[in-house]
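coords-v1.cif (mmCIF, C-alpha atoms)
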```cif
data_my_file
#
loop_
_atom_site.label_atom_id
_atom_site.label_comp_id
_atom_site.auth_asym_id
_atom_site.auth_seq_id
_atom_site.Cartn_x
_atom_site.Cartn_y
_atom_site.Cartn_z
CA MET A 440 4.15 -28.87 -54.11
CA SER A 441 2.68 -31.94 -55.77
CA GLU A 442 -1.07 -32.62 -55.65
CA ALA A 443 -0.41 -35.82 -53.67
CA VAL A 444 1.59 -33.99 -51.03
CA GLY A 445 -1.00 -31.22 -50.85
CA LYS A 446 -3.77 -33.68 -49.98
CA VAL A 447 -2.01 -35.19 -46.97
CA ASP A 448 -4.34 -35.49 -43.95
CA VAL A 449 -1.95 -34.20 -41.30
CA ALA A 450 -4.43 -34.43 -38.42
CA GLY A 451 -5.49 -37.94 -39.42
CA ASN A 452 -1.89 -39.08 -39.72
CA LEU A 453 -1.12 -37.65 -36.30
CA ALA A 454 -4.02 -39.54 -34.77
CA ARG A 455 -2.73 -42.78 -36.27
CA ILE A 456 0.84 -42.13 -35.12
CA ARG A 457 -0.38 -41.38 -31.60
CA GLY A 458 -2.31 -44.63 -31.60
CA ARG A 459 0.83 -46.54 -32.59
CA ILE A 460 2.83 -44.70 -29.91
CA ALA A 461 0.23 -45.72 -27.34
CA GLY A 462 0.45 -49.34 -28.42
CA ALA A 463 4.24 -49.40 -28.26
CA ALA A 464 4.20 -47.67 -24.86
CA GLU A 465 1.78 -50.26 -23.53
CA ARG A 466 4.00 -53.08 -24.77
CA SER A 467 6.95 -51.53 -22.95
CA GLY A 468 5.02 -51.04 -19.70
CA ARG A 469 4.74 -47.27 -19.94
CA GLU A 470 2.06 -44.64 -20.37
CA PRO A 471 1.67 -42.95 -23.79
CA ASP A 472 2.18 -39.50 -22.26
CA GLU A 473 5.72 -40.53 -21.28
CA ILE A 474 6.64 -40.44 -24.98
CA ARG A 475 7.24 -37.06 -26.62
CA LEU A 476 6.56 -36.84 -30.36
CA VAL A 477 8.74 -34.54 -32.47
CA ALA A 478 7.12 -33.73 -35.82
CA VAL A 479 9.96 -33.54 -38.33
CA ALA A 480 9.26 -30.70 -40.76
CA LYS A 481 12.23 -30.94 -43.15
CA THR A 482 11.07 -29.44 -46.50
CA VAL A 483 7.52 -29.08 -45.11
CA ASP A 484 6.04 -25.62 -45.64
CA ALA A 485 4.90 -23.50 -42.72
CA ALA A 486 1.20 -23.89 -43.58
CA ARG A 487 1.36 -27.65 -43.11
CA VAL A 488 3.38 -27.29 -39.92
CA ARG A 489 0.60 -25.00 -38.72
CA GLU A 490 -1.89 -27.84 -39.38
CA ALA A 491 0.18 -30.12 -37.15
CA LEU A 492 0.32 -27.48 -34.42
CA ALA A 493 -3.46 -27.08 -34.61
CA ALA A 494 -3.74 -30.86 -34.16
CA GLY A 495 -1.77 -30.69 -30.93
CA VAL A 496 1.89 -31.01 -31.92
CA LYS A 497 4.12 -29.41 -29.28
CA ASP A 498 7.56 -30.22 -30.68
CA VAL A 499 8.90 -29.55 -34.18
CA GLY A 500 12.15 -30.98 -35.55
CA GLU A 501 14.26 -29.50 -38.34
CA ASN A 502 17.43 -30.63 -40.09
CA TYR A 503 18.71 -27.24 -41.21
CA VAL A 504 19.24 -24.07 -39.22
CA GLN A 505 18.16 -21.57 -41.89
CA GLU A 506 15.02 -23.49 -42.83
CA ALA A 507 13.99 -23.67 -39.19
CA ALA A 508 14.73 -19.98 -38.63
CA ALA A 509 12.42 -18.95 -41.48
CA LYS A 510 9.57 -21.14 -40.25
CA ARG A 511 9.94 -20.08 -36.64
CA ASP A 512 9.86 -16.45 -37.71
CA GLU A 513 6.59 -17.12 -39.56
CA LEU A 514 4.95 -19.36 -36.96
CA GLY A 515 6.23 -17.74 -33.78
CA ASP A 516 7.03 -19.38 -30.45
CA CYS A 517 4.26 -21.94 -30.75
CA ALA A 518 6.30 -25.08 -30.12
CA ARG A 519 9.60 -26.42 -28.89
CA TRP A 520 12.04 -26.51 -31.80
CA HIS A 521 14.59 -29.33 -32.08
CA LEU A 522 17.64 -29.49 -34.31
CA ILE A 523 17.90 -33.09 -35.47
CA GLY A 524 20.35 -32.63 -38.37
CA HIS A 525 24.12 -32.43 -38.23
CA LEU A 526 25.37 -29.10 -36.86
CA GLN A 527 28.45 -27.46 -38.32
CA ARG A 528 30.47 -25.41 -35.87
CA ASN A 529 30.04 -22.20 -37.89
CA LYS A 530 26.25 -22.55 -37.57
CA ALA A 531 26.26 -23.16 -33.83
CA GLY A 532 25.70 -19.53 -32.90
CA LYS A 533 22.63 -19.18 -35.09
CA ALA A 534 21.31 -22.56 -33.91
CA VAL A 535 21.25 -21.33 -30.32
CA THR A 536 18.90 -18.49 -31.30
CA VAL A 537 16.53 -20.81 -33.18
CA PHE A 538 16.35 -24.10 -31.28
CA ASP A 539 15.21 -25.05 -27.79
CA MET A 540 17.02 -28.39 -28.00
CA ILE A 541 19.98 -29.42 -30.14
CA GLN A 542 19.87 -33.20 -30.39
CA THR A 543 22.96 -33.71 -32.53
CA VAL A 544 25.93 -32.63 -30.44
CA ASP A 545 28.72 -35.02 -31.42
CA SER A 546 31.88 -33.42 -30.04
CA LEU A 547 33.19 -31.24 -27.25
CA ARG A 548 34.05 -28.50 -29.78
CA ILE A 549 30.43 -28.24 -30.92
CA ALA A 550 29.25 -28.12 -27.30
CA GLU A 551 31.73 -25.34 -26.55
CA ALA A 552 30.60 -23.31 -29.57
CA ILE A 553 26.97 -23.67 -28.47
CA GLY A 554 27.89 -22.79 -24.90
CA ARG A 555 29.74 -19.59 -25.85
CA ARG A 556 26.79 -18.26 -27.82
CA ALA A 557 24.26 -19.32 -25.19
CA GLN A 558 26.22 -17.56 -22.46
CA ALA A 559 26.39 -14.40 -24.56
CA LEU A 560 22.60 -14.51 -24.79
CA GLY A 561 22.21 -15.23 -21.09
CA LYS A 562 20.61 -18.61 -21.62
CA THR A 563 21.30 -22.33 -21.30
CA THR A 564 20.71 -24.57 -24.31
CA GLU A 565 19.49 -28.11 -23.82
CA VAL A 566 21.52 -30.65 -25.81
CA LEU A 567 21.71 -34.38 -26.42
CA LEU A 568 24.83 -36.34 -27.28
CA GLN A 569 24.53 -38.13 -30.62
CA VAL A 570 25.91 -41.67 -30.50
CA ASN A 571 26.65 -43.75 -33.59
CA THR A 572 25.27 -47.09 -32.46
CA SER A 573 25.32 -48.73 -35.90
CA GLY A 574 28.99 -48.14 -36.63
CA GLU A 575 28.14 -46.88 -40.11
CA GLU A 576 30.71 -44.43 -41.48
CA SER A 577 27.95 -42.41 -43.12
CA LYS A 578 26.47 -41.50 -39.74
CA PHE A 579 27.60 -38.80 -37.34
CA GLY A 580 27.98 -39.33 -33.62
CA VAL A 581 30.55 -40.50 -31.11
CA GLY A 582 31.23 -44.19 -30.73
CA PRO A 583 29.62 -45.88 -27.71
CA GLU A 584 33.07 -46.46 -26.21
CA GLN A 585 33.81 -42.71 -26.38
CA ALA A 586 30.53 -41.52 -24.92
CA GLU A 587 31.48 -41.46 -21.24
CA GLY A 588 34.52 -39.27 -21.80
CA VAL A 589 32.58 -36.86 -24.01
CA VAL A 590 29.71 -36.65 -21.52
CA GLU A 591 32.12 -35.77 -18.71
CA ALA A 592 33.83 -33.15 -20.88
CA ILE A 593 30.58 -31.51 -21.96
CA ALA A 594 29.43 -31.44 -18.35
CA GLY A 595 32.07 -28.77 -17.74
CA VAL A 596 30.83 -26.48 -20.52
CA SER A 597 28.87 -23.45 -19.36
CA GLY A 598 25.79 -22.50 -21.32
CA VAL A 599 24.72 -26.04 -22.21
CA ARG A 600 22.76 -28.65 -20.33
CA LEU A 601 23.35 -32.22 -21.47
CA ASN A 602 20.54 -34.49 -20.37
CA GLY A 603 20.22 -37.35 -22.80
CA LEU A 604 21.37 -39.32 -25.80
CA MET A 605 20.28 -39.54 -29.42
CA THR A 606 20.89 -42.06 -32.18
CA ILE A 607 19.77 -42.80 -35.73
CA GLY A 608 19.20 -46.49 -36.32
CA ARG A 609 20.31 -48.08 -39.57
CA TRP A 610 17.64 -47.80 -42.25
CA ASP A 611 16.18 -51.15 -43.20
CA PRO A 612 12.75 -52.17 -44.49
CA ASP A 613 12.58 -54.42 -41.45
CA PRO A 614 12.62 -52.14 -38.35
CA GLU A 615 13.63 -55.11 -36.21
CA ARG A 616 17.12 -54.77 -37.68
CA ALA A 617 17.59 -51.57 -35.66
CA ARG A 618 16.40 -53.05 -32.36
CA SER A 619 19.89 -53.99 -31.16
CA GLU A 620 21.10 -50.42 -31.78
CA PHE A 621 18.24 -48.92 -29.79
CA ARG A 622 18.84 -51.42 -27.02
CA LEU A 623 22.53 -50.46 -27.00
CA LEU A 624 21.70 -46.76 -26.56
CA ALA A 625 19.30 -47.49 -23.69
CA LYS A 626 21.92 -49.57 -21.89
CA LEU A 627 24.52 -46.89 -22.51
CA ALA A 628 22.25 -44.21 -21.04
CA ARG A 629 21.72 -46.27 -17.88
CA ARG A 630 25.44 -46.92 -17.52
CA LEU A 631 26.39 -43.29 -18.07
CA GLY A 632 23.81 -42.21 -15.54
CA GLU A 633 25.26 -44.55 -12.95
CA ARG A 634 28.89 -43.65 -13.66
CA THR A 635 28.63 -39.91 -14.18
CA GLY A 636 25.67 -39.05 -11.98
CA PHE A 637 23.97 -37.21 -14.83
CA GLU A 638 20.30 -37.79 -15.37
CA MET A 639 19.80 -39.08 -18.90
CA GLU A 640 16.27 -37.71 -19.09
CA TRP A 641 15.84 -38.04 -22.84
CA LEU A 642 16.47 -41.01 -25.08
CA SER A 643 15.84 -39.82 -28.65
CA MET A 644 15.63 -42.68 -31.11
CA GLY A 645 13.20 -43.92 -33.70
CA MET A 646 11.77 -42.35 -36.86
CA SER A 647 8.73 -42.96 -39.07
CA HIS A 648 9.64 -46.53 -40.00
CA ASP A 649 11.01 -47.79 -36.68
CA PHE A 650 9.73 -45.63 -33.81
CA GLU A 651 7.62 -48.43 -32.34
CA VAL A 652 10.67 -50.67 -31.93
CA ALA A 653 12.55 -47.72 -30.43
CA ILE A 654 9.80 -47.10 -27.88
CA GLU A 655 9.79 -50.78 -26.94
CA GLU A 656 13.52 -50.43 -26.21
CA GLY A 657 13.13 -47.31 -24.08
CA ALA A 658 12.82 -44.24 -26.33
CA ASN A 659 10.87 -41.35 -24.86
CA LEU A 660 11.55 -38.90 -27.70
CA VAL A 661 10.68 -40.05 -31.24
CA ARG A 662 11.16 -38.15 -34.49
CA VAL A 663 8.43 -38.69 -37.10
CA GLY A 664 8.30 -36.80 -40.40
CA THR A 665 6.81 -38.65 -43.39
CA GLY A 666 4.48 -40.56 -41.11
CA ILE A 667 2.83 -37.21 -40.31
CA PHE A 668 3.40 -35.01 -43.35
CA GLY A 669 3.59 -37.65 -46.08
CA PRO A 670 6.34 -37.98 -48.71
CA ARG A 671 8.73 -35.07 -48.80
CA SER A 672 8.52 -32.54 -51.59
CA LEU A 673 12.04 -32.45 -53.07
#
```

Structure encoded using structure tokens:
Amino acid sequence: MSEAVGKVDVAGNLARIRGRIAGAAERSGREPDEIRLVAVAKTVDAARVREALAAGVKDVGENYVQEAAAKRDELGDCARWHLIGHLQRNKAGKAVTVFDMIQTVDSLRIAEAIGRRAQALGKTTEVLLQVNTSGEESKFGVGPEQAEGVVEAIAGVSGVRLNGLMTIGRWDPDPERARSEFRLLAKLARRLGERTGFEMEWLSMGMSHDFEVAIEEGANLVRVGTGIFGPRSL
């Protein structure tokens, strides 16, 4: 770990992020406690995640199943663990044992694989449907026009509970460039709720560079990594 990374003030960063969340919530006519913060711990060692937990973090996000499994084994059941990276079908079984929420379900086949394992364990796994709102080929997720059919199909899968949507906005130095994509997801969630009858409880969108715009457009689950833990150690 570099000296710069080692000196990151995790608690101070969290306080600043919470202040920005509160400001964005106020601008969108909501209370700050309506917004859930997921601290993204990709490549962050367990000791620094423990600092975040001590500072009040309740939700931890990870991109990779094995990395999350190792940290959860070390830290214990001290938070809700979210998978926010792409899930391969052959890792679905392990993911069910590690994560409380899988935010990146992007097909019926993945949902079915999660459901089979969850049923075998006698549990129900909470999932979100990932939607590609930017249209970028490099991003995973179903297209907005496909979302309704996929939601209805996943609704019939035992062992999973679908109750929201997730997207990754295009990266741009100007976070305003992602606003239309966040707005699209919020509108889609409302429409799907009306048409399917499913409560879209969670709208996961926004990361370190654009979470304020996402909150202004309706996000209630934001994923912040470098804003809390500093630059990643590669």

| Could you write out as a PyMOL selection string the residues that the PyMOL selection byres ((chain A and resi 631) around 12) matches in the shown file? | chain A and resi 568+583-591+601-604+624-630+632-640

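By all atoms listed in the file, and with residues fewer than 4 positions from A:Phe621 along its chain excluded, the set lying at most 9 Å from it is A:Thr572, A:Thr606, A:Ile607, A:Gly608, A:Ala617, A:Ala625, A:Lys626, A:Met644, A:Gly645, A:Val652, A:Ala653, A:Ile654, A:Glu656, A:Gly657, A:Ala658.
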
Next, the residues of the selection above should be written as an mmCIF file, keeping the file's coordinate frame with C-alpha atoms.
```cif
data_model
loop_
_atom_site.group_PDB
_atom_site.id
_atom_site.type_symbol
_atom_site.label_atom_id
_atom_site.label_comp_id
_atom_site.auth_asym_id
_atom_site.auth_seq_id
_atom_site.Cartn_x
_atom_site.Cartn_y
_atom_site.Cartn_z
ATOM 1 C CA THR A 572 25.270 -47.090 -32.460
ATOM 2 C CA THR A 606 20.890 -42.060 -32.180
ATOM 3 C CA ILE A 607 19.770 -42.800 -35.730
ATOM 4 C CA GLY A 608 19.200 -46.490 -36.320
ATOM 5 C CA ALA A 617 17.590 -51.570 -35.660
ATOM 6 C CA ALA A 625 19.300 -47.490 -23.690
ATOM 7 C CA LYS A 626 21.920 -49.570 -21.890
ATOM 8 C CA MET A 644 15.630 -42.680 -31.110
ATOM 9 C CA GLY A 645 13.200 -43.920 -33.700
ATOM 10 C CA VAL A 652 10.670 -50.670 -31.930
ATOM 11 C CA ALA A 653 12.550 -47.720 -30.430
ATOM 12 C CA ILE A 654 9.800 -47.100 -27.880
ATOM 13 C CA GLU A 656 13.520 -50.430 -26.210
ATOM 14 C CA GLY A 657 13.130 -47.310 -24.080
ATOM 15 C CA ALA A 658 12.820 -44.240 -26.330
#
```

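Across the structure, atom CA of A:Val447 and atom CA of A:Ile667 are spaced 8.5 Å apart.
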
| Selected residue of minimal separation from A:Arg556 among A:Lys578, A:Arg671, A:His521, A:Lys530, counting all atoms listed in the file | A:Lys530

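Candidate residues A:Val449, A:Val570, A:Ala485, A:Ile593 were compared for distance to A:Leu514, and the nearest is A:Ala485, using all atoms listed in the file.
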
| request: For a cut-off of 9 Å around (29.1, -36.2, -35.8), file coordinates, pick out all residues using all atoms listed in the file and list them as an NGL selection string. | output: :A and (525-526 or 543-546 or 569-571 or 578-581)

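Between atom CA of A:Arg519 and atom CA of A:Ser573 the separation is 28.2 Å.
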
Output stretch 452-476 of chain A from the block with C-alpha atoms, as a tab-separated table (two decimals), in the first residue's frame?
```tsv
chain	number	residue	atom	x	y	z
A	452	ASN	CA	-14.04	11.56	4.13
A	453	LEU	CA	-17.22	9.87	5.29
A	454	ALA	CA	-18.30	12.99	7.14
A	455	ARG	CA	-17.78	15.06	3.99
A	456	ILE	CA	-19.65	12.57	1.80
A	457	ARG	CA	-22.56	12.53	4.25
A	458	GLY	CA	-22.67	16.30	4.15
A	459	ARG	CA	-22.85	16.24	0.36
A	460	ILE	CA	-25.57	13.57	0.50
A	461	ALA	CA	-27.55	15.76	2.87
A	462	GLY	CA	-27.24	18.72	0.53
A	463	ALA	CA	-28.35	16.73	-2.50
A	464	ALA	CA	-31.25	15.23	-0.54
A	465	GLU	CA	-32.38	18.69	0.50
A	466	ARG	CA	-32.27	19.89	-3.10
A	467	SER	CA	-34.46	16.96	-4.12
A	468	GLY	CA	-36.98	17.52	-1.33
A	469	ARG	CA	-36.00	14.50	0.73
A	470	GLU	CA	-34.43	13.73	4.09
A	471	PRO	CA	-30.78	12.58	4.21
A	472	ASP	CA	-31.73	9.38	6.01
A	473	GLU	CA	-33.74	8.32	2.94
A	474	ILE	CA	-30.43	7.83	1.11
A	475	ARG	CA	-28.41	4.68	1.83
A	476	LEU	CA	-24.64	4.94	1.34
```
